[in-house]
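Student: File name entry_8.txt; file contents compact mmCIF, C-alpha atoms and all ligand atoms; full text below.
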# COMPACT_ATOMS: atom_id res chain seq x y z
CA MET A 1 5.43 -6.64 -26.29
CA PRO A 2 3.71 -5.57 -23.03
CA THR A 3 4.55 -2.18 -21.51
CA LEU A 4 4.81 -1.09 -17.87
CA ALA A 5 4.49 2.62 -18.75
CA THR A 6 1.44 4.19 -17.19
CA THR A 7 -0.19 7.58 -16.65
CA VAL A 8 -1.82 8.16 -13.26
CA ASP A 9 -3.59 11.44 -12.45
CA GLY A 10 -1.76 12.94 -15.43
CA LEU A 11 1.65 11.82 -14.10
CA LYS A 12 3.66 9.81 -16.65
CA LEU A 13 5.54 6.90 -15.03
CA PRO A 14 7.92 4.52 -16.87
CA ASN A 15 6.69 1.74 -14.58
CA PRO A 16 4.25 1.47 -11.63
CA PHE A 17 6.98 0.93 -9.00
CA VAL A 18 7.12 3.82 -6.55
CA ILE A 19 9.45 4.37 -3.59
CA GLY A 20 7.14 4.58 -0.54
CA SER A 21 7.70 7.38 1.95
CA GLY A 22 10.39 6.44 4.47
CA PRO A 23 14.17 5.95 4.65
CA PRO A 24 14.48 5.08 0.91
CA GLY A 25 13.40 8.67 0.06
CA THR A 26 14.98 10.49 2.96
CA ASN A 27 17.38 12.88 1.12
CA LEU A 28 18.47 13.88 -2.38
CA ASN A 29 21.31 11.33 -2.50
CA VAL A 30 19.02 8.35 -2.02
CA ILE A 31 16.22 9.79 -4.18
CA ALA A 32 18.74 10.23 -7.02
CA LYS A 33 19.85 6.61 -6.56
CA ALA A 34 16.21 5.48 -6.87
CA PHE A 35 15.75 7.34 -10.16
CA GLN A 36 19.09 6.05 -11.48
CA GLU A 37 18.05 2.47 -10.75
CA GLY A 38 14.79 2.99 -12.66
CA TRP A 39 12.02 3.47 -10.09
CA GLY A 40 8.83 4.82 -11.66
CA ALA A 41 8.41 7.57 -9.05
CA VAL A 42 9.63 8.55 -5.59
CA ILE A 43 7.54 9.65 -2.64
CA ALA A 44 9.97 11.48 -0.37
CA LYS A 45 10.13 11.01 3.39
CA THR A 46 7.29 12.94 5.08
CA VAL A 47 8.14 16.58 5.73
CA SER A 48 6.58 19.25 7.96
CA LEU A 49 7.29 22.97 8.40
CA ASP A 50 9.07 22.66 11.74
CA ALA A 51 11.55 19.79 11.93
CA SER A 52 12.92 20.98 15.26
CA LYS A 53 9.98 19.28 16.97
CA VAL A 54 10.94 15.91 15.42
CA ILE A 55 13.33 13.99 17.67
CA ASN A 56 14.17 10.41 16.75
CA VAL A 57 15.53 7.68 19.05
CA THR A 58 17.81 4.66 18.53
CA PRO A 59 17.25 1.82 18.15
CA ARG A 60 14.04 2.54 16.26
CA TYR A 61 13.54 -0.68 14.28
CA GLY A 62 12.70 -4.22 15.37
CA LYS A 63 12.68 -7.26 13.09
CA LEU A 64 10.68 -10.49 13.10
CA HIS A 65 12.62 -13.38 11.53
CA SER A 66 11.39 -16.64 10.02
CA THR A 67 11.87 -19.72 12.25
CA ASP A 68 15.16 -20.60 10.55
CA GLY A 69 16.31 -17.02 11.18
CA LYS A 70 17.22 -16.55 7.51
CA GLU A 71 14.45 -14.22 6.44
CA VAL A 72 13.03 -10.98 7.80
CA ILE A 73 9.26 -11.29 7.50
CA GLY A 74 8.09 -8.41 9.69
CA TRP A 75 9.57 -5.04 10.58
CA GLU A 76 8.51 -2.59 13.27
CA ASN A 77 9.62 1.03 13.32
CA ILE A 78 9.15 3.86 15.79
CA GLU A 79 10.70 6.36 13.38
CA LEU A 80 9.13 9.80 13.09
CA ILE A 81 8.75 11.95 9.98
CA SER A 82 11.81 13.70 8.55
CA ASP A 83 13.97 15.48 11.10
CA ARG A 84 15.64 17.58 8.38
CA PRO A 85 14.74 21.30 8.18
CA PHE A 86 12.14 22.13 5.54
CA LYS A 87 14.49 24.76 4.04
CA ILE A 88 16.94 21.97 3.16
CA TRP A 89 14.11 19.94 1.67
CA GLU A 90 13.10 22.93 -0.49
CA GLU A 91 16.64 23.07 -1.91
CA GLU A 92 16.71 19.30 -2.48
CA PHE A 93 13.27 19.21 -4.14
CA ARG A 94 14.51 21.93 -6.55
CA LYS A 95 17.82 20.18 -7.25
CA CYS A 96 16.08 16.86 -7.74
CA LYS A 97 13.72 18.28 -10.36
CA ASP A 98 16.72 19.97 -12.08
CA MET A 99 18.55 16.63 -12.17
CA PHE A 100 15.53 14.53 -13.17
CA PRO A 101 13.03 16.86 -14.90
CA ASP A 102 11.07 13.99 -16.48
CA ARG A 103 10.81 11.83 -13.36
CA ILE A 104 7.96 11.95 -10.85
CA LEU A 105 8.78 13.34 -7.40
CA ILE A 106 5.95 13.38 -4.88
CA ALA A 107 6.21 15.30 -1.60
CA SER A 108 4.78 13.51 1.42
CA ILE A 109 3.50 16.13 3.81
CA MET A 110 2.09 16.23 7.33
CA GLU A 111 1.12 19.15 9.53
CA GLU A 112 -0.84 20.10 12.58
CA TYR A 113 -4.57 20.82 12.39
CA SER A 114 -4.12 24.33 10.96
CA LYS A 115 -5.23 25.46 7.51
CA ASP A 116 -2.46 28.08 7.25
CA ARG A 117 0.26 25.53 7.99
CA TRP A 118 -1.05 22.98 5.45
CA VAL A 119 -1.45 25.65 2.76
CA GLU A 120 2.04 27.04 3.39
CA LEU A 121 3.57 23.56 3.20
CA VAL A 122 1.77 22.81 -0.07
CA GLN A 123 2.60 26.12 -1.72
CA ARG A 124 6.27 26.11 -0.73
CA SER A 125 6.70 22.50 -1.93
CA GLU A 126 4.89 23.20 -5.19
CA ALA A 127 7.15 26.23 -5.80
CA CYS A 128 10.09 23.78 -5.77
CA GLY A 129 8.63 21.82 -8.67
CA VAL A 130 7.30 18.66 -7.03
CA ASP A 131 4.82 16.76 -9.21
CA GLY A 132 2.22 15.87 -6.58
CA PHE A 133 1.47 15.32 -2.93
CA GLU A 134 0.85 12.45 -0.60
CA LEU A 135 -0.83 13.50 2.64
CA ASN A 136 0.45 11.41 5.54
CA PHE A 137 -2.66 10.84 7.64
CA SER A 138 -1.36 7.58 8.94
CA CYS A 139 1.85 7.47 10.97
CA PRO A 140 0.77 5.26 13.92
CA HIS A 141 3.30 6.43 16.52
CA GLY A 142 4.63 9.78 17.65
CA LEU A 143 3.13 13.22 17.29
CA PRO A 144 -0.44 12.29 18.35
CA GLU A 145 -0.21 15.06 20.96
CA ARG A 146 0.02 17.42 17.97
CA LYS A 147 -2.96 15.61 16.37
CA MET A 148 -0.80 14.59 13.40
CA GLY A 149 -0.65 11.41 11.34
CA ALA A 150 -2.98 8.58 12.28
CA ALA A 151 -4.62 10.79 14.92
CA MET A 152 -5.95 12.79 11.95
CA GLY A 153 -6.51 9.83 9.64
CA GLN A 154 -8.82 8.15 12.15
CA ASP A 155 -11.17 11.14 12.15
CA PRO A 156 -13.13 11.32 8.87
CA GLU A 157 -14.44 14.83 9.51
CA ILE A 158 -10.97 16.33 9.98
CA LEU A 159 -9.68 14.30 7.04
CA GLU A 160 -12.29 15.71 4.69
CA GLU A 161 -11.57 19.24 5.87
CA VAL A 162 -7.78 18.93 5.50
CA CYS A 163 -8.07 17.35 2.02
CA GLY A 164 -10.27 20.33 1.09
CA TRP A 165 -7.61 22.79 2.34
CA VAL A 166 -4.91 21.05 0.30
CA LYS A 167 -6.99 20.74 -2.86
CA GLY A 168 -7.90 24.41 -2.51
CA ALA A 169 -4.19 25.28 -2.50
CA THR A 170 -2.94 23.20 -5.47
CA ASN A 171 -3.98 21.75 -8.82
CA LEU A 172 -1.39 18.98 -8.55
CA PRO A 173 -2.50 15.38 -7.77
CA VAL A 174 -3.11 14.77 -4.07
CA TRP A 175 -3.07 11.22 -2.65
CA ALA A 176 -4.40 10.69 0.87
CA LYS A 177 -2.37 7.99 2.64
CA MET A 178 -4.66 5.93 4.84
CA THR A 179 -4.02 4.26 8.16
CA PRO A 180 -4.86 0.55 8.56
CA ASN A 181 -5.41 1.16 12.28
CA ILE A 182 -9.15 1.53 11.92
CA THR A 183 -12.07 -0.91 11.62
CA HIS A 184 -13.44 0.20 8.25
CA ILE A 185 -10.89 1.83 5.95
CA GLU A 186 -13.75 2.86 3.66
CA ASP A 187 -14.94 5.54 6.13
CA PRO A 188 -11.85 7.77 6.23
CA SER A 189 -11.16 6.93 2.55
CA ARG A 190 -14.60 8.19 1.54
CA ALA A 191 -14.04 11.37 3.59
CA ALA A 192 -10.69 12.01 1.89
CA LEU A 193 -12.20 11.55 -1.57
CA LEU A 194 -15.21 13.73 -0.70
CA GLY A 195 -12.72 16.36 0.49
CA GLY A 196 -11.22 16.33 -3.01
CA ALA A 197 -8.23 13.97 -2.82
CA THR A 198 -7.31 12.82 -6.34
CA GLY A 199 -6.48 9.38 -5.04
CA LEU A 200 -5.74 7.11 -2.10
CA SER A 201 -2.57 5.40 -0.89
CA ALA A 202 -2.98 2.36 1.35
CA ILE A 203 -1.64 1.19 3.73
CA ASN A 204 0.70 2.80 6.21
CA THR A 205 2.15 0.63 8.97
CA ILE A 206 0.08 -1.40 11.44
CA ARG A 207 0.33 -0.55 15.15
CA SER A 208 2.40 -3.27 16.72
CA VAL A 209 4.75 -4.60 19.39
CA ILE A 210 7.47 -6.64 17.65
CA GLY A 211 8.36 -8.82 20.65
CA VAL A 212 9.59 -9.13 24.22
CA ASN A 213 13.20 -9.98 25.02
CA LEU A 214 13.11 -13.17 27.15
CA GLU A 215 16.47 -12.39 28.81
CA THR A 216 15.78 -8.80 29.88
CA LEU A 217 11.95 -9.12 29.93
CA ARG A 218 11.83 -5.78 28.14
CA PRO A 219 9.65 -5.17 25.07
CA GLU A 220 11.46 -4.27 21.82
CA PRO A 221 12.79 -2.07 20.33
CA SER A 222 14.11 -1.12 23.75
CA VAL A 223 15.15 2.51 24.24
CA GLU A 224 16.66 3.02 27.69
CA GLY A 225 14.72 -0.10 28.75
CA TYR A 226 11.34 1.15 27.52
CA THR A 227 9.43 1.11 24.24
CA THR A 228 6.26 2.43 22.61
CA PRO A 229 4.05 0.60 20.08
CA GLY A 230 5.31 1.18 16.54
CA GLY A 231 4.33 0.53 12.92
CA TYR A 232 4.54 -2.95 11.38
CA SER A 233 5.55 -3.44 7.74
CA SER A 234 7.23 -5.89 5.34
CA ARG A 235 6.07 -9.28 3.98
CA ALA A 236 3.95 -10.14 6.99
CA VAL A 237 1.52 -7.26 6.39
CA LYS A 238 0.84 -8.06 2.72
CA PRO A 239 -2.41 -10.02 3.29
CA ILE A 240 -3.82 -7.17 5.38
CA ALA A 241 -2.71 -4.62 2.79
CA LEU A 242 -4.31 -6.69 0.00
CA ARG A 243 -7.62 -6.73 1.89
CA MET A 244 -7.57 -3.00 2.56
CA VAL A 245 -6.49 -2.11 -0.98
CA MET A 246 -9.37 -4.27 -2.23
CA GLU A 247 -11.79 -2.34 0.02
CA CYS A 248 -10.45 1.01 -1.19
CA ALA A 249 -10.70 -0.18 -4.81
CA GLN A 250 -14.33 -1.26 -4.35
CA LEU A 251 -15.13 2.14 -2.83
CA ILE A 252 -13.49 3.94 -5.76
CA ARG A 253 -15.19 1.69 -8.31
CA ILE A 254 -18.66 2.24 -6.85
CA GLU A 255 -18.58 5.80 -5.50
CA PHE A 256 -15.60 7.62 -7.03
CA PRO A 257 -14.82 6.20 -10.50
CA GLY A 258 -11.65 7.66 -11.97
CA ARG A 259 -9.86 8.32 -8.67
CA SER A 260 -6.46 6.65 -8.34
CA LEU A 261 -5.11 4.07 -5.90
CA SER A 262 -1.52 3.47 -4.84
CA ALA A 263 -0.96 0.17 -3.02
CA ILE A 264 1.63 -0.35 -0.26
CA GLY A 265 2.41 -3.13 2.18
CA GLY A 266 4.89 -5.98 1.98
CA VAL A 267 5.67 -5.76 -1.73
CA GLU A 268 8.98 -7.44 -2.57
CA ASN A 269 8.67 -8.71 -6.13
CA GLY A 270 6.80 -8.34 -9.40
CA ARG A 271 4.27 -11.04 -8.52
CA ASP A 272 3.28 -9.16 -5.35
CA ALA A 273 2.77 -6.09 -7.52
CA ALA A 274 0.61 -8.05 -9.98
CA GLU A 275 -1.66 -9.10 -7.09
CA PHE A 276 -2.16 -5.51 -5.93
CA ILE A 277 -2.88 -4.32 -9.49
CA LEU A 278 -5.38 -7.18 -9.94
CA LEU A 279 -7.11 -5.78 -6.84
CA GLY A 280 -7.37 -2.29 -8.33
CA ALA A 281 -4.06 -0.49 -7.73
CA ASP A 282 -2.65 1.94 -10.31
CA THR A 283 0.80 2.04 -8.72
CA VAL A 284 2.65 -0.10 -6.18
CA GLN A 285 4.91 1.36 -3.50
CA VAL A 286 7.81 -0.30 -1.72
CA CYS A 287 9.47 0.93 1.47
CA THR A 288 10.79 -1.86 3.73
CA GLY A 289 11.61 -4.02 0.69
CA VAL A 290 14.16 -1.42 -0.41
CA MET A 291 15.66 -1.40 3.11
CA LYS A 292 16.05 -5.20 2.87
CA PHE A 293 17.15 -5.63 -0.75
CA GLY A 294 18.38 -2.24 -2.05
CA TYR A 295 17.24 0.01 -4.90
CA GLU A 296 18.41 -2.52 -7.51
CA MET A 297 15.38 -4.70 -6.76
CA VAL A 298 13.31 -2.63 -9.20
CA LYS A 299 14.89 -4.34 -12.22
CA PRO A 300 13.81 -7.92 -11.39
CA MET A 301 10.45 -6.53 -10.25
CA CYS A 302 9.89 -5.01 -13.71
CA GLU A 303 10.97 -8.27 -15.38
CA GLU A 304 8.65 -10.38 -13.20
CA LEU A 305 5.67 -8.12 -13.82
CA LEU A 306 6.34 -8.14 -17.58
CA ALA A 307 6.62 -11.95 -17.52
CA PHE A 308 3.24 -12.18 -15.74
CA MET A 309 1.70 -9.87 -18.35
CA ALA A 310 3.20 -11.81 -21.26
CA LYS A 311 1.90 -15.11 -19.83
CA HIS A 312 -1.66 -13.76 -19.66
CA LYS A 313 -1.35 -11.74 -22.89
CA PHE A 314 -1.92 -8.40 -21.12
CA GLU A 315 -0.46 -5.49 -23.13
CA THR A 316 -0.89 -2.74 -20.54
CA LEU A 317 -1.48 -2.43 -16.79
CA ALA A 318 -5.02 -1.24 -17.56
CA ASP A 319 -5.72 -4.65 -19.15
CA PHE A 320 -5.67 -6.33 -15.74
CA LYS A 321 -6.17 -3.55 -13.19
CA GLY A 322 -9.02 -4.58 -10.87
CA LYS A 323 -9.65 -7.85 -12.76
CA SER A 324 -9.85 -9.93 -9.56
CA LEU A 325 -12.23 -7.57 -7.74
CA ASP A 326 -15.32 -9.26 -9.18
CA TYR A 327 -14.58 -12.43 -7.25
CA PHE A 328 -15.24 -11.06 -3.77
CA THR A 329 -18.65 -11.70 -2.29
CA THR A 330 -20.30 -12.38 1.07
CA HIS A 331 -19.87 -15.62 3.03
CA ALA A 332 -23.63 -16.27 2.65
CA ASP A 333 -23.20 -16.09 -1.12
CA LEU A 334 -20.30 -18.58 -0.96
CA VAL A 335 -22.59 -21.02 0.90
CA LYS A 336 -25.33 -20.54 -1.72
CA ARG A 337 -22.89 -21.04 -4.61
CA GLN A 338 -21.51 -24.23 -3.02
CA ALA A 339 -25.01 -25.64 -2.36
CA GLU A 340 -25.97 -24.95 -5.99
CA ARG A 341 -22.84 -26.68 -7.29
CA LYS A 342 -23.42 -29.76 -5.09
CA ALA A 343 -27.08 -29.96 -6.19
CA ALA A 344 -26.00 -29.75 -9.83
CA GLN A 345 -23.41 -32.55 -9.28
CA LYS A 346 -26.05 -34.74 -7.62
CA ALA A 347 -28.44 -34.15 -10.50
CA ALA A 348 -25.68 -35.03 -12.98
CA ALA A 349 -24.87 -38.23 -11.03
CA ALA A 350 -28.56 -39.16 -10.90
CA SER A 351 -28.82 -38.68 -14.63
CA LYS A 352 -26.00 -41.26 -15.07
CA MET A 353 -27.96 -44.05 -13.24
CA VAL A 354 -29.17 -46.97 -15.29
CA LYS A 355 -32.57 -46.05 -16.65
CA SER A 356 -33.06 -48.85 -19.12
CA ASP A 357 -31.58 -52.38 -19.39
CA GLY A 358 -29.49 -51.42 -22.41
CA GLU A 359 -27.37 -49.10 -20.16
CA TRP A 360 -25.92 -51.88 -17.91
CA SER A 361 -22.18 -52.22 -18.53
CA GLY A 362 -19.87 -55.14 -17.76
CA SER A 363 -17.09 -52.98 -16.19
CA ASP A 364 -19.35 -50.82 -13.91
CA PHE A 365 -21.85 -53.57 -13.07
CA VAL A 366 -21.41 -53.58 -9.25
CA LYS A 367 -21.34 -49.74 -9.06
CA GLN A 368 -24.52 -49.53 -11.15
CA SER A 369 -26.20 -52.12 -8.92
CA ASN A 370 -25.25 -50.13 -5.77
CA GLU A 371 -26.54 -46.85 -7.22
CA LEU A 372 -29.92 -48.48 -7.77
CA ALA A 373 -30.06 -49.82 -4.19
CA ARG A 374 -31.80 -47.94 -1.38
C1 LIG A 401 11.38 2.89 8.80
C2 LIG A 401 10.10 3.35 8.17
C3 LIG A 401 9.81 4.71 8.10
C4 LIG A 401 8.62 5.14 7.51
N1 LIG A 401 8.38 6.48 7.42
C5 LIG A 401 7.24 6.92 6.79
C6 LIG A 401 7.01 8.30 6.60
O1 LIG A 401 7.81 9.16 6.94
N2 LIG A 401 5.85 8.66 5.98
C7 LIG A 401 4.92 7.75 5.55
O2 LIG A 401 3.90 8.13 5.00
N3 LIG A 401 5.15 6.42 5.71
C8 LIG A 401 6.27 6.00 6.31
N4 LIG A 401 6.50 4.65 6.44
C9 LIG A 401 5.48 3.68 5.97
C10 LIG A 401 5.79 3.14 4.57
O3 LIG A 401 5.78 4.16 3.61
C11 LIG A 401 4.74 2.07 4.18
O4 LIG A 401 3.46 2.65 4.17
C12 LIG A 401 4.73 0.85 5.10
O5 LIG A 401 5.99 0.59 5.62
C13 LIG A 401 4.22 -0.41 4.41
O6 LIG A 401 4.93 -0.71 3.24
P1 LIG A 401 6.23 -1.68 3.19
O7 LIG A 401 5.81 -3.02 3.75
O8 LIG A 401 6.61 -1.72 1.73
O9 LIG A 401 7.27 -1.00 4.03
C14 LIG A 401 7.69 4.20 7.02
C15 LIG A 401 8.00 2.83 7.08
C16 LIG A 401 9.18 2.39 7.64
C17 LIG A 401 9.48 0.92 7.69
Could you show the structure in this file as structure tokens?

Tutor:
Amino acid sequence: MPTLATTVDGLKLPNPFVIGSGPPGTNLNVIAKAFQEGWGAVIAKTVSLDASKVINVTPRYGKLHSTDGKEVIGWENIELISDRPFKIWEEEFRKCKDMFPDRILIASIMEEYSKDRWVELVQRSEACGVDGFELNFSCPHGLPERKMGAAMGQDPEILEEVCGWVKGATNLPVWAKMTPNITHIEDPSRAALLGGATGLSAINTIRSVIGVNLETLRPEPSVEGYTTPGGYSSRAVKPIALRMVMECAQLIRIEFPGRSLSAIGGVENGRDAAEFILLGADTVQVCTGVMKFGYEMVKPMCEELLAFMAKHKFETLADFKGKSLDYFTTHADLVKRQAERKAAQKAAAASKMVKSDGEWSGSDFVKQSNELAR
């Protein structure tokens, strides 16, 4: 009987399904619901020391539907990090660990470029009993004037320094959450791992404009008639997330063996999760999926992943983690492999030509004659 239980950076999870930072982990009520439904771990909504600077707008989401309008395939948000005071979060982290002592609660944190602020945030969260940290280096909108989020995650030097500050302040696991809004995700990822991050999370949302309203001619989501580019998520981003997770996994495999990888981006079912694990992920996060389908979706996800494992006779997640990574190569190598296969086929066909009169057959007579013609 296969098992979904897994241990990542010393954290024991009943299954690899993790609530990704965002609305599904935005207060104790919803975090408790996630644990009750059976999620393997929860990464809470990103917190900072001073929530008074965080001012959200409405509407702050925009959806892209399939042509028949029945399915949401893409989702843009211009939501900021948590606007709830950190003091309240401290109470809720404590209560949550009292209610669910054996479950994994990870604090997602973000601060300005100040060692004291990062260290204070880490130490105060750790004092509340959280099990680990995810560093949000990747929110694509809002707060760039404070050099927070993606503004930090796009600068490998700062990233390495901040990871070093955090690792110097805690012995708990620290995952650096990477932005996809960069040409080579390996560069900031390498910096984060060099700085001491225990693992990587990838990807955050992709900078986007969800659409333009053809009646009002205003771009969406429209706030007082104006908008700002936001972060794209949901099903539509899965292929990009798969590519970037693969690149992070190759980096870890070659340069940082043993570091962990948490995959995010468009996951909605157990088969999606299997794909990310085959590309090297230890855990799989879901954010928009929970907003579309509810916390209950974890049960069918577990069943689908177990069914995939049973079909391939995998007993544990480790049995297939990274198994598909070996099949990536360069385009030049694809051309070489195809030329070799065609040459081998030609040689095989040539070896089937009539070489002596005893090989002529009644049924293939015309074909054999043609093959011998110039
Ligand atoms: C409405 C919304 C709010 C989000 N807020 C945060 C956040 O506070 N911190 C963070 O690290 N990521 C945040 N994210 C990004 C998600 O955690 C995730 O990286 C991204 O949405 C891709 O995964 P998905 O397709 O499963 O949503 C947010 C995403 C959405 C849709």

Student: When you count all atoms listed in the file, which of these residues is closest to ligand LIG 401 (chain A): A:Ile185, A:Met99, A:Ile264, A:Ile240?

Tutor: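 For ligand LIG 401 (chain A), the nearest of the given residues is A:Ile264.
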
Student: So that I can check the surroundings of region 361-372 of chain A, please list as a ChimeraX atom specification every protein, DNA and RNA residue that reaches within 10 Å of it, counting all atoms listed in the file and ignoring chain neighbours fewer than 3 positions away.

Tutor: /A:349-350,352-355,357-358

Student: When distances are computed from all atoms listed in the file, which of A:Leu80, A:Val335, A:Val174, A:Val245 shows the smallest separation from Ile203 (chain A)?

Tutor: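 Answer, going by the shortest atom-to-atom distance: A:Val245.
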
Student: Excluding Met152 (chain A) and its own-chain neighbours fewer than 4 positions away, which residues fall within 9 Å of it when counting only C-alpha atoms? Please give them as a PDB file with C-alpha atoms, in the frame of the given file.

Tutor:
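Saved result, around-v8.pdb, follows:
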ATOM      1  CA  GLU A 112      -0.840  20.100  12.580  1.00  0.00           C
ATOM      2  CA  TYR A 113      -4.570  20.820  12.390  1.00  0.00           C
ATOM      3  CA  PHE A 137      -2.660  10.840   7.640  1.00  0.00           C
ATOM      4  CA  SER A 138      -1.360   7.580   8.940  1.00  0.00           C
ATOM      5  CA  PRO A 144      -0.440  12.290  18.350  1.00  0.00           C
ATOM      6  CA  LYS A 147      -2.960  15.610  16.370  1.00  0.00           C
ATOM      7  CA  MET A 148      -0.800  14.590  13.400  1.00  0.00           C
ATOM      8  CA  PRO A 156     -13.130  11.320   8.870  1.00  0.00           C
ATOM      9  CA  ILE A 158     -10.970  16.330   9.980  1.00  0.00           C
ATOM     10  CA  LEU A 159      -9.680  14.300   7.040  1.00  0.00           C
TER      11      LEU A 159
END

Student: Name each residue within 6 Å of ligand LIG 401 (chain A), counting all atoms listed in the file, as a list in words.

Tutor: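 For ligand LIG 401 (chain A), the residues inside 6 Å are Gly20, Ser21, Gly22, Pro23, Lys45, Thr46, Asn77, Glu79, Ile81, Asn136, Ile203, Asn204, Thr205, Ser233, Ser234, Ile264, Gly265, Gly266, Val267, Val286, Cys287, Thr288 and Gly289 of chain A.
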
Student: For Asp102 (chain A), work out the shell of residues within 12 Å, counting all atoms listed in the file and skipping chain neighbours fewer than 4 positions away, then give it as a list in words.

Tutor: Leu11, Lys12, Leu13, Pro14, Phe35, Gly40, Ala41, Cys96, Lys97, Asp98, Gly129, Val130 and Asp131 of chain A

Student: Find the axis-aligned box for region 59-72 of chain A, covering all its listed atoms and adding 8 Å on each side, and write its centre and edge lengths in Å to one decimal as lines of an AutoDock Vina configuration file.

Tutor:
center_x = 14.0
center_y = -9.0
center_z = 12.3
size_x = 22.6
size_y = 39.1
size_z = 27.7

Student: Can you tell me, as number ranges by chain, what residues are no more than 12 Å from Gly199 (chain A) when counting only C-alpha atoms, ignoring any on the same chain fewer than 6 positions away?

Tutor: A: 8-10, 132-135, 163, 167, 172-178, 189-193, 248-249, 251-252, 256-263, 281-283

Student: Could you check how far CA of Glu161 (chain A) sits from CA of Ile106 (chain A), in Å to one decimal?

Tutor: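 A separation of 21.4 Å between them.
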
Student: For Leu279 (chain A), work out the shell of residues within 6 Å, counting all atoms listed in the file and skipping chain neighbours fewer than 6 positions away, then give it as an MDAnalysis selection string.

Tutor: chainID A and resid 246 322 324:325

Student: Looking at A:Pro24, A:Pro59, A:Glu224, A:Gly38, which one is nearest to Pro300 (chain A), with distances taken over only C-alpha atoms?

Tutor: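 Residue with the minimum atom-to-atom distance to Pro300 (chain A): A:Gly38.
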
Student: Considering all atoms listed in the file, can you say which of A:Met110, A:Leu28, A:Ala202, A:Leu306 comes closest to Arg94 (chain A)?

Tutor: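 Using all atoms listed in the file, the shortest distance to Arg94 (chain A) belongs to A:Leu28.
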
Student: In Å, rounded to a single decimal, give me how far CA of Gly149 (chain A) is from CA of Val162 (chain A).

Tutor: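 Computing it gives 11.9 Å between the two atoms.
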
Student: Would you mind reading off the distance between CA of Met291 (chain A) and CA of Leu217 (chain A), one decimal, in Å?

Tutor: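 For CA of Met291 (chain A) relative to CA of Leu217 (chain A), the distance reads 28.2 Å.
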
Student: May I ask which of the residues A:Trp75, A:Trp89, A:Tyr226, A:Trp39 is the closest one to Gln285 (chain A), counting all atoms listed in the file?

Tutor: A:Trp39

Student: Which residue gives the smallest distance to Arg235 (chain A) among A:Gly74, A:Gly270, A:Pro219, A:Gly69, with all atoms listed in the file counted?

Tutor: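 Ranking A:Gly74, A:Gly270, A:Pro219, A:Gly69 by distance to Arg235 (chain A), first place goes to A:Gly74.
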
Student: Can you tell me, as a list in words, which residues sit within 9 Å of (4.9, 22.7, 9.7) in the file's frame, using only C-alpha atoms?

Tutor: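 Neighbouring residues, ordered by chain and number, come to Val47, Ser48, Leu49, Asp50, Ala51, Phe86, Ile109, Met110, Glu111, Glu112, Arg117, Trp118, Glu120 and Leu121 of chain A.
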